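Some notes on the structure that comes next.
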Amino acid sequence: MEREDGGAGFSFLCARCTLQPSPPPPSSPLTAPLPPSPLSFLSPFLGLNYFQSVTPALTMGGEAFWLRAQGKSGTGFAARHAGPAHVATAQVATTGLVSLGYLHRVSDKVSLATDFLWNWHAREASASFGYDYLLRQCRLRGRVDTEGRVAAFLEERVNVGVNFILSAEIDHVKKDYKFGLGMTVG
């Protein structure tokens with residue numbers, strides 16, 4: 001293929017693969033090790049993914065994976081649309097999961113989000129709604145989901161590099177109540 005400036009132009013598809021040697025099996029004086037399998041150098045998980053910007057606002061792609069130990073594999077497809085005040089995502093996988101998400105920036109300080117997860121093999125669905133409110137000295141986040149959980153997270157800037165954190169989660173179904181506080185320095 002020749003470009004207008006006279007040079008050759010090529011398009012490449014790049015893939016990244018991680019190979020990890022398997023640890024040798026334990027041996028004893030009574031056993032002799034067998035020759036290794038040609039696939040023994042592969043890690044237990046092999047995955048490939050590819051995403052492409054279709055338009056400046058729309059990205060689509062897919063992935064494939066293989067779990068060597070279980071002998072299972074799967075594929076998935078995803079799409080992401082980003083606008084000036086929103087981000088919407090969708091993902092479908094052969095493992096039985098469908099995931100949808102939407103984030104809307106109401107203003108520079110307020111964002112609202114929702115997500116929906118459906119496992120068609122188990123016939124189970126869950127959804128949640130969340131918010132993020134940015135104040136002058138602190139950030140307030142919260143979430144409510146269909147499992148009966150309500151969570152809140154407050155992070156207040158005490159000084160430059162020092163933050164005070166409060167968090168709470170109430171699970172009405174399991175009658176589980178959590179409260180936490182912390183400090184981050186740095």
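Lettering and numbering for the structure tokens are positional, with chains as A, B, ... in the shown order, residues counted from 1 in each chain, and ligands counted from 1 in the shown order.
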
- Find the spatial neighbours of Leu140 of chain A, counting only C-alpha atoms, within a cut-off of 6 Å - ignore same-chain residues fewer than 2 positions away - and output them as an MDAnalysis selection string. chainID A and resid 132:133 153:154

- Message: When you look at Ser107 of chain A with a cut-off of 10 Å (counting only C-alpha atoms), what residues show up, excluding the ones that are within fewer than 2 positions of it in the same chain? I need them as a ChimeraX atom specification.
- Response: /A:85,104-105,109-112,133-134

- Got a sec: who's within 10 Å of Leu166 of chain A, counting only C-alpha atoms, leaving out chain neighbours fewer than 6 positions off, as number ranges by chain? A: 140, 152-156, 179-183

- Message: For the strand (DSSP E) assignment from backbone DSSP, which residues of segment 47-173 of chain A qualify? Please present them as a VMD selection string.
- Response: chain A and resid 47 to 53 58 to 67 72 to 82 86 to 93 97 to 105 110 to 119 124 to 134 138 to 145 149 to 159 162 to 171

- Contacts of segment 53-62 of chain A at 6 Å (only C-alpha atoms; same-chain gap of 4+ positions) as a PyMOL selection string: chain A and resi 49+76-82

Atoms kept (all heavy atoms) for selection, written as a compact mmCIF listing (two decimals), in the first residue's frame:
# COMPACT_ATOMS: atom_id res chain seq x y z
N ASN A 49 -7.78 -9.63 23.87
CA ASN A 49 -8.86 -8.67 23.69
C ASN A 49 -8.47 -7.63 22.66
O ASN A 49 -7.29 -7.39 22.43
CB ASN A 49 -9.29 -8.02 25.01
CG ASN A 49 -8.16 -7.32 25.72
OD1 ASN A 49 -7.31 -6.72 25.10
ND2 ASN A 49 -8.15 -7.40 27.03
N GLY A 76 -16.51 -12.58 24.75
CA GLY A 76 -17.37 -11.49 25.18
C GLY A 76 -17.27 -10.32 24.22
O GLY A 76 -16.26 -10.17 23.51
N PHE A 77 -18.30 -9.53 24.18
CA PHE A 77 -18.34 -8.35 23.33
C PHE A 77 -18.77 -7.17 24.18
O PHE A 77 -19.61 -7.31 25.07
CB PHE A 77 -19.31 -8.58 22.16
CG PHE A 77 -18.94 -9.77 21.33
CD1 PHE A 77 -19.55 -10.99 21.54
CD2 PHE A 77 -17.95 -9.68 20.37
CE1 PHE A 77 -19.21 -12.10 20.81
CE2 PHE A 77 -17.59 -10.78 19.62
CZ PHE A 77 -18.22 -11.99 19.84
N ALA A 78 -18.19 -5.99 23.90
CA ALA A 78 -18.48 -4.81 24.70
C ALA A 78 -18.58 -3.58 23.81
O ALA A 78 -18.00 -3.53 22.72
CB ALA A 78 -17.40 -4.61 25.76
N ALA A 79 -19.31 -2.59 24.32
CA ALA A 79 -19.42 -1.30 23.64
C ALA A 79 -19.45 -0.21 24.70
O ALA A 79 -19.94 -0.42 25.82
CB ALA A 79 -20.68 -1.24 22.79
N ARG A 80 -18.90 0.96 24.34
CA ARG A 80 -18.87 2.11 25.25
C ARG A 80 -19.17 3.35 24.44
O ARG A 80 -18.56 3.58 23.40
CB ARG A 80 -17.50 2.23 25.89
CG ARG A 80 -17.34 3.41 26.83
CD ARG A 80 -15.92 3.43 27.40
NE ARG A 80 -15.76 4.44 28.40
CZ ARG A 80 -15.34 5.68 28.15
NH1 ARG A 80 -15.05 6.04 26.92
NH2 ARG A 80 -15.22 6.54 29.13
N HIS A 81 -20.13 4.13 24.91
CA HIS A 81 -20.45 5.40 24.26
C HIS A 81 -20.24 6.51 25.28
O HIS A 81 -20.78 6.47 26.38
CB HIS A 81 -21.90 5.40 23.77
CG HIS A 81 -22.23 6.63 23.00
ND1 HIS A 81 -22.68 7.78 23.60
CD2 HIS A 81 -22.15 6.90 21.67
CE1 HIS A 81 -22.86 8.70 22.68
NE2 HIS A 81 -22.55 8.19 21.49
N ALA A 82 -19.44 7.51 24.91
CA ALA A 82 -19.15 8.63 25.81
C ALA A 82 -19.60 9.92 25.14
O ALA A 82 -19.22 10.21 24.02
CB ALA A 82 -17.66 8.68 26.12

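Interatomic distance, atom CA of Ala88 of chain A to atom CA of Tyr102 of chain A: 4.4 Å.
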
- Task: Rank nothing, just name the residue among A:Asp108, A:Ala64, A:Leu117, A:Gln70 nearest to Thr89 of chain A, using only C-alpha atoms.
- Result: A:Leu117

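Nearest to Val144 of chain A of all the residues A:Ser99, A:Asn159, A:Ser128, A:Gln52 is A:Ser128, based on only C-alpha atoms.
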
- Contacts of Arg149 of chain A within 10 Å, only C-alpha atoms, excl. fewer than 4 positions in-chain, as a ChimeraX atom specification: /A:128,143-145,169-177

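For Ser73 of chain A, the set of protein, DNA and RNA residues having any atom at most 10 Å away, when counting only C-alpha atoms and skipping those fewer than 5 positions along the same chain, is Phe45, Leu46, Gly47, Ala64, Phe65, Trp66, Leu67, Arg68, Thr94 and Thr95 of chain A.
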
Any chance you can output those residues with N, CA and C atoms as a PDB file, in the first residue's frame?
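Generated output (selection.pdb):
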ATOM      1  N   PHE A  45      -4.165 -19.070  32.631  1.00  0.00           N
ATOM      2  CA  PHE A  45      -5.149 -18.210  31.983  1.00  0.00           C
ATOM      3  C   PHE A  45      -4.537 -17.587  30.742  1.00  0.00           C
ATOM      4  N   LEU A  46      -5.222 -17.687  29.642  1.00  0.00           N
ATOM      5  CA  LEU A  46      -4.787 -17.055  28.401  1.00  0.00           C
ATOM      6  C   LEU A  46      -5.944 -16.209  27.895  1.00  0.00           C
ATOM      7  N   GLY A  47      -5.720 -14.941  27.685  1.00  0.00           N
ATOM      8  CA  GLY A  47      -6.776 -14.056  27.231  1.00  0.00           C
ATOM      9  C   GLY A  47      -6.303 -13.121  26.137  1.00  0.00           C
ATOM     10  N   ALA A  64     -11.534 -12.908  24.230  1.00  0.00           N
ATOM     11  CA  ALA A  64     -11.640 -14.361  24.314  1.00  0.00           C
ATOM     12  C   ALA A  64     -10.669 -14.824  25.393  1.00  0.00           C
ATOM     13  N   PHE A  65     -11.048 -15.869  26.119  1.00  0.00           N
ATOM     14  CA  PHE A  65     -10.167 -16.390  27.161  1.00  0.00           C
ATOM     15  C   PHE A  65     -10.227 -17.905  27.177  1.00  0.00           C
ATOM     16  N   TRP A  66      -9.188 -18.478  27.784  1.00  0.00           N
ATOM     17  CA  TRP A  66      -9.090 -19.917  27.937  1.00  0.00           C
ATOM     18  C   TRP A  66      -8.484 -20.204  29.297  1.00  0.00           C
ATOM     19  N   LEU A  67      -9.164 -21.013  30.098  1.00  0.00           N
ATOM     20  CA  LEU A  67      -8.663 -21.472  31.396  1.00  0.00           C
ATOM     21  C   LEU A  67      -8.152 -22.892  31.199  1.00  0.00           C
ATOM     22  N   ARG A  68      -6.845 -23.044  31.279  1.00  0.00           N
ATOM     23  CA  ARG A  68      -6.225 -24.332  30.965  1.00  0.00           C
ATOM     24  C   ARG A  68      -6.652 -25.419  31.942  1.00  0.00           C
ATOM     25  N   THR A  94     -20.272 -15.059  26.765  1.00  0.00           N
ATOM     26  CA  THR A  94     -20.795 -16.415  26.652  1.00  0.00           C
ATOM     27  C   THR A  94     -20.823 -17.129  27.999  1.00  0.00           C
ATOM     28  N   THR A  95     -20.233 -16.529  29.026  1.00  0.00           N
ATOM     29  CA  THR A  95     -20.304 -17.100  30.371  1.00  0.00           C
ATOM     30  C   THR A  95     -21.679 -16.892  30.990  1.00  0.00           C
TER      31      THR A  95
END

- Item | Selected residue, from A:Leu100, A:Ala69, A:Arg123, A:Arg157, that lies nearest to Leu135 of chain A when counting only C-alpha atoms | A:Arg157

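Closest approach to Thr146 of chain A among A:Asn119, A:Asn163, A:Gln91, A:Ser126: A:Ser126, based on only C-alpha atoms.
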
- So which residues touch Ala113 of chain A within 6 Å, counting only C-alpha atoms, skipping near sequence neighbours fewer than 2 positions away, as an MDAnalysis selection string? chainID A and resid 102:103 129:130
